[in-house]
$ cat upload.cif   # mmCIF, C-alpha atoms
data_target
loop_
_atom_site.label_atom_id
_atom_site.label_comp_id
_atom_site.auth_asym_id
_atom_site.auth_seq_id
_atom_site.Cartn_x
_atom_site.Cartn_y
_atom_site.Cartn_z
CA MET S 13 5.12 -7.02 -9.36
CA MET S 14 6.16 -10.67 -9.60
CA THR S 15 7.94 -10.44 -6.25
CA SER S 16 4.89 -8.86 -4.65
CA ARG S 17 2.65 -11.61 -5.99
CA ARG S 18 4.96 -14.43 -4.91
CA VAL S 19 5.57 -13.00 -1.42
CA GLU S 20 1.85 -12.74 -0.83
CA GLU S 21 1.11 -16.17 -2.22
CA ARG S 22 3.64 -17.60 0.23
CA THR S 23 2.19 -15.64 3.15
CA VAL S 24 -1.20 -17.18 2.34
CA GLU S 25 0.34 -20.66 2.39
CA LEU S 26 2.10 -19.97 5.68
CA TYR S 27 -1.14 -18.64 7.14
CA ARG S 28 -3.00 -21.79 6.16
CA GLN S 29 -0.23 -23.87 7.76
CA ASN S 30 -0.69 -21.82 10.97
CA ARG S 31 2.89 -20.59 10.72
CA ILE S 32 1.53 -17.05 10.36
CA THR S 33 -1.14 -16.14 12.88
CA GLY S 34 -3.48 -13.20 13.21
CA GLY S 35 -4.59 -11.32 10.12
CA CYS S 36 -3.37 -12.06 6.60
CA TYR S 37 -4.38 -9.36 4.13
CA THR S 38 -3.11 -9.35 0.56
CA GLY S 39 -3.10 -7.05 -2.43
CA ILE S 40 -3.20 -9.85 -5.00
CA GLY S 41 -4.68 -8.18 -8.08
CA ASN S 42 -3.53 -4.71 -7.00
CA GLU S 43 0.15 -5.02 -7.98
CA ALA S 44 0.04 -2.57 -10.89
CA THR S 45 -1.35 0.15 -8.63
CA SER S 46 0.98 -0.44 -5.68
CA VAL S 47 4.13 -0.75 -7.82
CA GLY S 48 3.23 1.87 -10.43
CA THR S 49 2.47 4.62 -7.92
CA ALA S 50 5.54 3.91 -5.77
CA LEU S 51 7.84 3.97 -8.81
CA ALA S 52 6.73 7.54 -9.49
CA LEU S 53 8.10 8.76 -6.15
CA HIS S 54 11.40 10.63 -5.88
CA GLU S 55 14.03 9.43 -3.41
CA ASP S 56 13.09 11.99 -0.74
CA ASP S 57 9.33 11.52 -1.11
CA VAL S 58 7.36 9.82 1.65
CA LEU S 59 5.24 6.68 1.31
CA VAL S 60 2.30 6.30 3.71
CA PRO S 61 0.97 2.85 2.76
CA THR S 62 -1.91 0.66 3.93
CA HIS S 63 -2.46 -3.07 4.15
CA ARG S 64 -2.59 -3.96 0.42
CA ASP S 65 0.57 -2.11 -0.63
CA MET S 66 3.11 -4.95 -0.69
CA GLY S 67 4.41 -3.75 -4.06
CA SER S 68 4.99 -0.23 -2.71
CA HIS S 69 6.98 -1.60 0.24
CA LEU S 70 9.20 -3.61 -2.11
CA VAL S 71 9.76 -0.68 -4.47
CA ARG S 72 10.76 1.59 -1.58
CA GLY S 73 13.31 -0.81 -0.15
CA HIS S 74 11.73 -3.44 2.06
CA LYS S 75 13.02 -6.92 1.24
CA PRO S 76 11.24 -10.29 1.47
CA LEU S 77 13.24 -10.91 4.66
CA ASP S 78 11.80 -7.73 6.24
CA ILE S 79 8.32 -8.87 5.27
CA MET S 80 8.72 -12.43 6.57
CA ARG S 81 10.22 -11.29 9.87
CA GLN S 82 7.19 -9.05 10.30
CA TYR S 83 4.56 -11.65 9.39
CA LEU S 84 6.24 -14.29 11.55
CA LYS S 85 6.46 -11.82 14.46
CA ARG S 86 10.16 -12.23 15.06
CA ALA S 87 12.08 -10.11 17.56
CA THR S 88 14.25 -9.03 14.63
CA SER S 89 11.28 -7.44 12.80
CA GLN S 90 10.85 -3.68 12.61
CA THR S 91 8.07 -3.86 15.20
CA GLY S 92 10.04 -6.24 17.44
CA GLY S 93 7.47 -9.00 17.00
CA LYS S 94 4.67 -6.88 18.49
CA ASP S 95 2.72 -6.63 15.26
CA SER S 96 2.22 -8.46 11.98
CA SER S 97 0.99 -7.94 8.41
CA LEU S 98 2.25 -4.79 6.66
CA HIS S 99 2.31 -2.66 9.83
CA LEU S 100 5.97 -1.92 9.31
CA GLY S 101 7.92 1.23 8.79
CA LYS S 102 11.25 2.53 9.94
CA GLU S 103 12.63 5.95 10.79
CA GLY S 104 14.86 7.14 7.99
CA SER S 105 13.25 4.89 5.38
CA ASN S 106 10.56 7.37 4.27
CA ILE S 107 8.01 4.57 4.82
CA VAL S 108 5.52 5.31 7.59
CA GLY S 109 4.06 2.26 9.33
CA MET S 110 0.30 2.06 8.99
CA ILE S 111 -2.46 2.51 11.55
CA SER S 112 -5.00 -0.32 11.36
CA PRO S 113 -8.30 1.65 11.25
CA LEU S 114 -8.68 2.43 7.58
CA ALA S 115 -8.60 6.06 6.39
CA HIS S 116 -6.62 6.99 9.51
CA MET S 117 -3.42 7.19 7.46
CA MET S 118 -4.82 10.04 5.38
CA PRO S 119 -4.52 12.73 8.09
CA VAL S 120 -1.08 11.34 8.96
CA ALA S 121 -0.01 11.78 5.34
CA VAL S 122 -1.35 15.33 5.27
CA GLY S 123 0.45 16.14 8.52
CA ILE S 124 3.71 14.91 7.01
CA ALA S 125 3.21 16.95 3.84
CA LEU S 126 2.48 20.10 5.86
CA ALA S 127 5.44 19.55 8.22
CA GLU S 128 7.87 18.92 5.37
CA ARG S 129 6.73 22.07 3.60
CA GLN S 130 7.18 24.10 6.78
CA ARG S 131 10.69 22.68 7.08
CA GLY S 132 11.41 23.67 3.50
CA THR S 133 11.86 20.08 2.36
CA PRO S 134 10.91 19.68 -1.33
CA CYS S 135 9.10 16.37 -1.08
CA SER S 136 5.74 14.90 -2.01
CA VAL S 137 3.68 12.34 -0.10
CA LEU S 138 1.82 9.30 -1.41
CA THR S 139 -0.89 7.50 0.52
CA THR S 140 -3.49 4.89 -0.45
CA ILE S 141 -7.00 4.08 0.68
CA GLY S 142 -9.64 1.58 -0.34
CA ASP S 143 -13.02 2.41 -1.84
CA GLY S 144 -14.68 1.66 1.50
CA SER S 145 -12.55 4.26 3.26
CA THR S 146 -14.01 7.01 1.09
CA SER S 147 -17.21 6.70 3.16
CA LEU S 148 -15.42 7.71 6.38
CA GLY S 149 -15.13 11.19 7.82
CA ASP S 150 -11.32 11.15 7.82
CA PHE S 151 -11.38 10.96 4.02
CA HIS S 152 -13.50 14.08 3.53
CA GLU S 153 -11.87 16.19 6.23
CA THR S 154 -8.42 15.32 4.91
CA LEU S 155 -9.25 16.17 1.30
CA ASN S 156 -10.68 19.51 2.38
CA PHE S 157 -7.63 20.48 4.45
CA ALA S 158 -5.12 19.26 1.84
CA ALA S 159 -6.88 21.20 -0.91
CA ILE S 160 -7.04 24.44 1.11
CA GLN S 161 -3.34 24.17 1.96
CA LYS S 162 -2.42 23.07 -1.60
CA LEU S 163 -0.26 20.32 -0.17
CA PRO S 164 1.96 18.19 -2.44
CA ILE S 165 0.18 14.91 -1.80
CA LEU S 166 -1.24 12.12 -3.95
CA PHE S 167 -4.24 10.27 -2.57
CA VAL S 168 -4.71 6.94 -4.35
CA ILE S 169 -8.06 5.17 -4.09
CA VAL S 170 -7.52 1.48 -4.75
CA ASN S 171 -11.03 0.64 -5.89
CA ASN S 172 -11.30 -3.11 -5.24
CA GLN S 173 -15.00 -3.16 -6.20
CA TYR S 174 -15.87 -4.42 -2.72
CA ALA S 175 -15.43 -2.79 0.71
CA TYR S 176 -15.07 -6.09 2.53
CA SER S 177 -18.37 -7.60 1.27
CA THR S 178 -20.11 -4.35 0.26
CA PRO S 179 -20.14 -3.81 -3.52
CA ASN S 180 -19.64 -0.39 -5.07
CA THR S 181 -23.24 -0.40 -6.32
CA ILE S 182 -24.64 0.03 -2.80
CA GLN S 183 -21.76 1.97 -1.30
CA TYR S 184 -21.92 5.29 -3.17
CA ALA S 185 -24.10 7.03 -5.75
CA CYS S 186 -21.51 9.00 -7.71
CA HIS S 187 -20.35 7.55 -11.02
CA GLU S 188 -16.63 7.70 -10.22
CA LEU S 189 -15.04 8.18 -6.80
CA SER S 190 -12.60 10.70 -8.27
CA GLU S 191 -15.58 13.02 -8.83
CA ARG S 192 -15.46 13.75 -5.10
CA ALA S 193 -12.20 15.65 -5.66
CA HIS S 194 -13.95 18.45 -7.53
CA GLY S 195 -16.16 19.24 -4.54
CA TYR S 196 -13.01 20.10 -2.61
CA GLY S 197 -11.36 22.09 -5.40
CA MET S 198 -8.64 19.59 -6.24
CA ALA S 199 -7.65 17.50 -9.25
CA GLY S 200 -9.22 14.08 -9.64
CA GLU S 201 -8.88 11.27 -12.17
CA THR S 202 -10.08 7.67 -12.61
CA ILE S 203 -7.88 5.18 -14.46
CA ASP S 204 -7.44 1.47 -15.11
CA GLY S 205 -5.56 0.28 -12.03
CA THR S 206 -4.45 -2.97 -13.67
CA ASP S 207 -2.24 -1.18 -16.24
CA ALA S 208 1.13 -0.54 -14.56
CA PHE S 209 2.31 1.90 -17.24
CA LEU S 210 -0.86 3.97 -17.10
CA VAL S 211 -0.73 4.04 -13.29
CA TYR S 212 2.91 5.16 -13.31
CA ARG S 213 2.26 7.99 -15.78
CA ALA S 214 -0.79 9.24 -13.88
CA ALA S 215 1.02 9.12 -10.53
CA ARG S 216 4.08 10.91 -11.89
CA LYS S 217 1.90 13.66 -13.36
CA ALA S 218 0.01 14.09 -10.09
CA LEU S 219 3.17 14.20 -7.97
CA GLU S 220 4.73 16.79 -10.28
CA ARG S 221 1.56 18.86 -10.00
CA GLY S 222 1.99 18.85 -6.24
CA ARG S 223 5.66 19.79 -6.43
CA ASN S 224 4.75 22.74 -8.66
CA GLY S 225 2.45 24.13 -6.00
CA GLU S 226 -0.78 23.08 -7.73
CA GLY S 227 -2.07 21.11 -4.76
CA PRO S 228 -3.13 17.52 -4.13
CA THR S 229 -4.63 14.95 -6.51
CA LEU S 230 -7.20 12.21 -5.93
CA LEU S 231 -6.37 9.30 -8.22
CA GLU S 232 -8.87 6.43 -8.40
CA CYS S 233 -7.36 3.19 -9.68
CA LYS S 234 -10.03 0.68 -10.65
CA THR S 235 -8.88 -2.83 -9.92
CA MET S 236 -10.04 -5.98 -8.14
CA ARG S 237 -8.60 -7.89 -5.22
CA LEU S 238 -8.53 -11.47 -6.40
CA ARG S 239 -8.85 -12.88 -2.90
CA GLY S 240 -11.09 -12.13 0.07
CA HIS S 241 -10.85 -9.13 2.36
CA SER S 242 -8.42 -11.30 4.32
CA GLU S 243 -7.63 -14.99 4.36
CA HIS S 244 -10.40 -15.79 6.84
CA ASP S 245 -12.89 -14.50 4.25
CA ASP S 246 -14.22 -17.11 1.79
CA PHE S 247 -15.09 -14.44 -0.84
CA LYS S 248 -18.40 -16.16 -1.67
CA TYR S 249 -20.23 -12.83 -1.89
CA VAL S 250 -18.48 -12.07 -5.21
CA PRO S 251 -20.30 -13.54 -8.25
CA PRO S 252 -17.99 -16.17 -9.81
CA ASP S 253 -18.50 -14.82 -13.33
CA LEU S 254 -17.46 -11.31 -12.21
CA LEU S 255 -14.31 -12.66 -10.59
CA GLU S 256 -13.46 -14.63 -13.74
CA GLN S 257 -13.86 -11.49 -15.84
CA TRP S 258 -11.44 -9.59 -13.63
CA LYS S 259 -8.92 -12.44 -13.75
CA ASN S 260 -8.56 -11.65 -17.46
CA TRP S 261 -7.19 -8.27 -16.29
CA ASP S 262 -4.75 -9.75 -13.78
CA PRO S 263 -2.04 -7.05 -13.69
CA VAL S 264 0.84 -9.52 -13.37
CA LEU S 265 -0.43 -11.53 -16.35
CA ARG S 266 -0.92 -8.34 -18.34
CA ILE S 267 2.63 -7.12 -17.85
CA ARG S 268 4.06 -10.61 -18.50
CA ASN S 269 2.23 -10.67 -21.81
CA TYR S 270 3.42 -7.15 -22.61
CA VAL S 271 7.11 -7.83 -22.07
CA VAL S 272 6.94 -11.08 -24.06
CA ASP S 273 4.84 -9.68 -26.93
CA ASN S 274 7.19 -6.69 -27.25
CA SER S 275 10.35 -8.84 -27.13
CA ILE S 276 11.52 -7.19 -23.90
CA SER S 277 11.89 -10.60 -22.31
CA THR S 278 11.04 -14.23 -23.03
CA GLU S 279 8.87 -16.72 -21.19
CA SER S 280 12.04 -18.62 -20.33
CA ASP S 281 13.65 -15.50 -18.83
CA LEU S 282 10.52 -14.80 -16.79
CA GLU S 283 10.44 -18.36 -15.46
CA THR S 284 14.11 -18.02 -14.47
CA LEU S 285 13.26 -14.74 -12.71
CA LYS S 286 10.40 -16.44 -10.88
CA LEU S 287 12.74 -19.17 -9.64
CA GLU S 288 15.18 -16.52 -8.39
CA ILE S 289 12.37 -14.69 -6.60
CA ASP S 290 11.10 -17.91 -5.04
CA SER S 291 14.59 -18.80 -3.88
CA GLU S 292 15.00 -15.42 -2.14
CA ILE S 293 11.61 -15.80 -0.47
CA GLU S 294 12.34 -19.32 0.78
CA LYS S 295 15.68 -18.19 2.20
CA ALA S 296 13.89 -15.30 3.92
CA ILE S 297 11.32 -17.66 5.47
CA SER S 298 13.99 -20.07 6.63
CA LEU S 299 16.10 -17.35 8.22
CA ALA S 300 13.13 -15.61 9.84
CA GLU S 301 11.83 -18.87 11.32
CA SER S 302 15.28 -19.58 12.80
CA GLU S 303 15.25 -16.25 14.64
CA PRO S 304 13.76 -15.76 18.12
CA SER S 305 10.32 -14.53 19.03
CA PRO S 306 10.24 -11.57 21.42
CA GLU S 307 10.47 -12.22 25.13
CA GLY S 308 7.40 -11.48 27.21
CA SER S 309 9.45 -9.08 29.32
CA GLU S 310 9.93 -6.91 26.20
CA ALA S 311 6.19 -6.39 25.62
CA GLY S 312 6.27 -2.84 26.98
CA GLN S 313 9.44 -1.75 25.22
CA ASP S 314 9.17 0.75 22.35
CA VAL S 315 5.40 0.96 22.69
CA PHE S 316 5.72 4.64 23.51
CA ARG S 317 8.51 6.80 22.19
CA TYR S 318 10.87 8.08 24.89
CA TRP S 319 10.16 11.76 25.49
CA LYS S 320 12.55 14.21 27.09
CA SER S 321 11.01 16.98 29.16
CA GLU S 322 13.12 19.62 27.42
CA TRP S 323 11.43 18.70 24.11
CA THR S 324 8.09 19.91 25.44
CA VAL S 325 7.00 23.30 24.15
CA PRO S 326 7.16 25.69 27.13
CA THR S 327 3.95 27.29 28.28
CA PRO S 328 3.84 31.11 28.43
#
$ encode --input "upload.cif" --output "structure tokens"
Amino acid sequence: MMTSRRVEERTVELYRQNRITGGCYTGIGNEATSVGTALALHEDDVLVPTHRDMGSHLVRGHKPLDIMRQYLKRATSQTGGKDSSLHLGKEGSNIVGMISPLAHMMPVAVGIALAERQRGTPCSVLTTIGDGSTSLGDFHETLNFAAIQKLPILFVIVNNQYAYSTPNTIQYACHELSERAHGYGMAGETIDGTDAFLVYRAARKALERGRNGEGPTLLECKTMRLRGHSEHDDFKYVPPDLLEQWKNWDPVLRIRNYVVDNSISTESDLETLKLEIDSEIEKAISLAESEPSPEGSEAGQDVFRYWKSEWTVPTP
């Protein structure tokens, strides 16, 4: 969680220095949800993340160097410098690179869960969406199909309180977003998304339910993004007193206090850890910035996957 926070704080600084261009979206304030859910996955499970899941990427194996190469659009990045932000994934890593339109990763996640079951692979799938995405058709169609098929998949709603600038109060009329699960005949639960331990336990329980053939789960994690929708957003639509209240539930601060209060670690140890994290991040930035950008002649490479004619299903 500390690494996730520090990586994103540095990407914000790089963005403001114009060293990162394009979009800069962060999950600052969402670390307990992104880390806690990813930690509940088994090795062979599949992560289908979205743009605020830095912690999940780090848990599942992406390093600060992978992240910085991607944000800085280097030819050495997983997308060859053709994309930025957290649009990275790699075959064999069990991390599926995201599609930008939100909620579009949900049917992808369901397709993976169905395909893996047909192959006889005992794995579960985790995907996340924001509260705003629950208003889109993909969300409802996906829940319906996943529930009918009893697929081993965990849908996590990261409820940031605001869908861009639209507050929950004028976005939906139900009391909790997890209530929507019951209309599709699947399990649903709403929890405090700033408590990493609670998130981990709920995610583990839901994933085990899926593995046992009990179908999917819709888990709503109530949290708050502590910055704007992206770094071009001044966040002025959020009442300052509301933001200050949520800062008291900062998930990184909460877990720091927990480990110190329970004598798991000391403030000194945590400061040493922070310095080590910062050092790794700075080395990653330095190395990534020394590497080449992609050549213009490479713009069309790897945009479409090479397809052999013999792979095509024959027509009768």
$ resolve_selection --input "upload.cif" --expression "the PyMOL selection byres ((chain S and resi 13) around 12)" --output "ChimeraX atom specification"
/S:14-20,39-48,50-51,65-71,206-208,262-268,285-286,289
$ residues_around --input "upload.cif" --residues "region 125-128 of chain S" --least-positions-apart "3" --cutoff "10 Å" --atoms "only C-alpha atoms" --output "short mmCIF file (atom, residue, chain, number, x, y, z; two decimals) with C-alpha atoms, in the coordinates of the input"
data_model
loop_
_atom_site.label_atom_id
_atom_site.label_comp_id
_atom_site.auth_asym_id
_atom_site.auth_seq_id
_atom_site.Cartn_x
_atom_site.Cartn_y
_atom_site.Cartn_z
CA ASP S 57 9.33 11.52 -1.11
CA VAL S 58 7.36 9.82 1.65
CA PRO S 119 -4.52 12.73 8.09
CA VAL S 120 -1.08 11.34 8.96
CA ALA S 121 -0.01 11.78 5.34
CA VAL S 122 -1.35 15.33 5.27
CA ARG S 131 10.69 22.68 7.08
CA GLY S 132 11.41 23.67 3.50
CA THR S 133 11.86 20.08 2.36
CA PRO S 134 10.91 19.68 -1.33
CA CYS S 135 9.10 16.37 -1.08
CA SER S 136 5.74 14.90 -2.01
CA VAL S 137 3.68 12.34 -0.10
CA LEU S 138 1.82 9.30 -1.41
CA ALA S 158 -5.12 19.26 1.84
CA GLN S 161 -3.34 24.17 1.96
CA LYS S 162 -2.42 23.07 -1.60
CA LEU S 163 -0.26 20.32 -0.17
CA PRO S 164 1.96 18.19 -2.44
CA ILE S 165 0.18 14.91 -1.80
#
$ resolve_selection --input "upload.cif" --expression "the PyMOL selection byres ((chain S and resi 52) around 8)" --output "list of chain:residue names"
S:Gly48, S:Thr49, S:Ala50, S:Leu51, S:Leu53, S:His54, S:Tyr212, S:Arg213, S:Ala215, S:Arg216, S:Leu219
$ closest_residue --input "upload.cif" --among "S:Thr38, S:Glu153, S:Arg129, S:Arg192" --to "Gly225 (chain S)" --atoms "all atoms listed in the file"
S:Arg129
$ residues_around --input "upload.cif" --residues "region 110-114 of chain S" --least-positions-apart "5" --cutoff "7 Å" --atoms "only C-alpha atoms" --output "list of chain:residue names"
S:Pro61, S:Thr62, S:His99, S:Leu100, S:Ser145
$ write_last_selection --input "upload.cif" --atoms "C-alpha atoms" --output "mmCIF file, keeping the file's coordinate frame"
data_model
loop_
_atom_site.group_PDB
_atom_site.id
_atom_site.type_symbol
_atom_site.label_atom_id
_atom_site.label_comp_id
_atom_site.auth_asym_id
_atom_site.auth_seq_id
_atom_site.Cartn_x
_atom_site.Cartn_y
_atom_site.Cartn_z
ATOM 1 C CA PRO S 61 0.970 2.850 2.760
ATOM 2 C CA THR S 62 -1.910 0.660 3.930
ATOM 3 C CA HIS S 99 2.310 -2.660 9.830
ATOM 4 C CA LEU S 100 5.970 -1.920 9.310
ATOM 5 C CA SER S 145 -12.550 4.260 3.260
#
$ resolve_selection --input "upload.cif" --expression "the PyMOL selection byres ((chain S and resi 197) around 10)" --output "mmCIF file with C-alpha atoms, keeping the file's coordinate frame"
data_model
loop_
_atom_site.group_PDB
_atom_site.id
_atom_site.type_symbol
_atom_site.label_atom_id
_atom_site.label_comp_id
_atom_site.auth_asym_id
_atom_site.auth_seq_id
_atom_site.Cartn_x
_atom_site.Cartn_y
_atom_site.Cartn_z
ATOM 1 C CA LEU S 155 -9.250 16.170 1.300
ATOM 2 C CA ASN S 156 -10.680 19.510 2.380
ATOM 3 C CA ALA S 158 -5.120 19.260 1.840
ATOM 4 C CA ALA S 159 -6.880 21.200 -0.910
ATOM 5 C CA ILE S 160 -7.040 24.440 1.110
ATOM 6 C CA LYS S 162 -2.420 23.070 -1.600
ATOM 7 C CA ARG S 192 -15.460 13.750 -5.100
ATOM 8 C CA ALA S 193 -12.200 15.650 -5.660
ATOM 9 C CA HIS S 194 -13.950 18.450 -7.530
ATOM 10 C CA GLY S 195 -16.160 19.240 -4.540
ATOM 11 C CA TYR S 196 -13.010 20.100 -2.610
ATOM 12 C CA MET S 198 -8.640 19.590 -6.240
ATOM 13 C CA ALA S 199 -7.650 17.500 -9.250
ATOM 14 C CA GLY S 200 -9.220 14.080 -9.640
ATOM 15 C CA GLY S 227 -2.070 21.110 -4.760
ATOM 16 C CA PRO S 228 -3.130 17.520 -4.130
ATOM 17 C CA THR S 229 -4.630 14.950 -6.510
#
$ atom_distance --input "upload.cif" --atom1 "CA of Gly144 (chain S)" --atom2 "CA of Asn260 (chain S)"
24.0 Å
$ residues_around --input "upload.cif" --residues "Lys85 (chain S)" --least-positions-apart "5" --cutoff "9 Å" --atoms "only C-alpha atoms" --output "JSON list (two decimals) with C-alpha atoms, in the frame of the given file"
[["chain", "number", "residue", "atom", "x", "y", "z"],
["S", 32, "ILE", "CA", 1.53, -17.05, 10.36],
["S", 33, "THR", "CA", -1.14, -16.14, 12.88],
["S", 80, "MET", "CA", 8.72, -12.43, 6.57],
["S", 91, "THR", "CA", 8.07, -3.86, 15.20],
["S", 92, "GLY", "CA", 10.04, -6.24, 17.44],
["S", 93, "GLY", "CA", 7.47, -9.00, 17.00],
["S", 94, "LYS", "CA", 4.67, -6.88, 18.49],
["S", 95, "ASP", "CA", 2.72, -6.63, 15.26],
["S", 96, "SER", "CA", 2.22, -8.46, 11.98],
["S", 300, "ALA", "CA", 13.13, -15.61, 9.84],
["S", 305, "SER", "CA", 10.32, -14.53, 19.03],
["S", 306, "PRO", "CA", 10.24, -11.57, 21.42]]
$ residues_around --input "upload.cif" --residues "Ala175 (chain S)" --least-positions-apart "3" --cutoff "10 Å" --atoms "only C-alpha atoms" --output "VMD selection string"
chain S and resid 142 to 147 171 to 172 178 to 180 183 241
$ atom_distance --input "upload.cif" --atom1 "CA of Val211 (chain S)" --atom2 "CA of Glu232 (chain S)"
9.8 Å
$ atom_distance --input "upload.cif" --atom1 "CA of Leu84 (chain S)" --atom2 "CA of Arg22 (chain S)"
12.1 Å
$ residues_around --input "upload.cif" --residues "Thr88 (chain S)" --least-positions-apart "5" --cutoff "8 Å" --atoms "only C-alpha atoms" --output "list in words"
Arg81, Gly93, Glu303 and Pro304 of chain S
$ decode --input "upload.cif" --residues "region 41-64 of chain S" --atoms "N, CA and C atoms" --output "short mmCIF file (atom, residue, chain, number, x, y, z; two decimals), in the first residue's frame"
data_model
loop_
_atom_site.label_atom_id
_atom_site.label_comp_id
_atom_site.auth_asym_id
_atom_site.auth_seq_id
_atom_site.Cartn_x
_atom_site.Cartn_y
_atom_site.Cartn_z
N GLY S 41 -6.15 6.81 -2.03
CA GLY S 41 -7.32 6.65 -1.17
C GLY S 41 -7.99 5.31 -1.34
N ASN S 42 -7.62 4.58 -2.40
CA ASN S 42 -8.24 3.28 -2.69
C ASN S 42 -7.29 2.11 -2.42
N GLU S 43 -6.15 2.37 -1.78
CA GLU S 43 -5.11 1.34 -1.67
C GLU S 43 -5.56 0.09 -0.91
N ALA S 44 -6.38 0.27 0.12
CA ALA S 44 -6.81 -0.91 0.89
C ALA S 44 -7.65 -1.85 0.03
N THR S 45 -8.46 -1.28 -0.84
CA THR S 45 -9.30 -2.10 -1.72
C THR S 45 -8.47 -2.78 -2.79
N SER S 46 -7.59 -2.04 -3.45
CA SER S 46 -6.82 -2.63 -4.55
C SER S 46 -5.84 -3.69 -4.04
N VAL S 47 -5.19 -3.43 -2.91
CA VAL S 47 -4.22 -4.40 -2.37
C VAL S 47 -4.94 -5.56 -1.69
N GLY S 48 -5.95 -5.25 -0.88
CA GLY S 48 -6.64 -6.30 -0.13
C GLY S 48 -7.32 -7.33 -1.01
N THR S 49 -7.95 -6.89 -2.10
CA THR S 49 -8.62 -7.84 -2.99
C THR S 49 -7.59 -8.68 -3.75
N ALA S 50 -6.52 -8.05 -4.23
CA ALA S 50 -5.52 -8.78 -5.01
C ALA S 50 -4.79 -9.82 -4.16
N LEU S 51 -4.58 -9.51 -2.89
CA LEU S 51 -3.90 -10.46 -2.00
C LEU S 51 -4.71 -11.73 -1.79
N ALA S 52 -6.02 -11.65 -2.01
CA ALA S 52 -6.88 -12.81 -1.80
C ALA S 52 -6.84 -13.79 -2.98
N LEU S 53 -6.24 -13.37 -4.09
CA LEU S 53 -6.17 -14.23 -5.27
C LEU S 53 -5.16 -15.37 -5.08
N HIS S 54 -5.45 -16.52 -5.69
CA HIS S 54 -4.48 -17.60 -5.77
C HIS S 54 -3.55 -17.34 -6.95
N GLU S 55 -2.47 -18.08 -7.01
CA GLU S 55 -1.45 -17.85 -8.04
C GLU S 55 -2.02 -17.95 -9.45
N ASP S 56 -2.92 -18.91 -9.68
CA ASP S 56 -3.45 -19.12 -11.03
C ASP S 56 -4.69 -18.29 -11.33
N ASP S 57 -5.14 -17.50 -10.38
CA ASP S 57 -6.31 -16.65 -10.62
C ASP S 57 -5.95 -15.51 -11.56
N VAL S 58 -6.96 -14.89 -12.14
CA VAL S 58 -6.75 -13.85 -13.14
C VAL S 58 -7.24 -12.50 -12.62
N LEU S 59 -6.41 -11.48 -12.78
CA LEU S 59 -6.76 -10.11 -12.40
C LEU S 59 -7.13 -9.33 -13.66
N VAL S 60 -8.31 -8.72 -13.64
CA VAL S 60 -8.78 -7.88 -14.75
C VAL S 60 -8.99 -6.48 -14.16
N PRO S 61 -7.94 -5.68 -14.08
CA PRO S 61 -8.00 -4.41 -13.35
C PRO S 61 -8.50 -3.25 -14.21
N THR S 62 -8.74 -2.12 -13.54
CA THR S 62 -9.05 -0.87 -14.23
C THR S 62 -8.07 0.20 -13.77
N HIS S 63 -8.39 1.46 -14.02
CA HIS S 63 -7.38 2.52 -13.96
C HIS S 63 -7.01 3.00 -12.56
N ARG S 64 -7.66 2.52 -11.50
CA ARG S 64 -7.29 2.92 -10.14
C ARG S 64 -6.74 1.75 -9.33
#
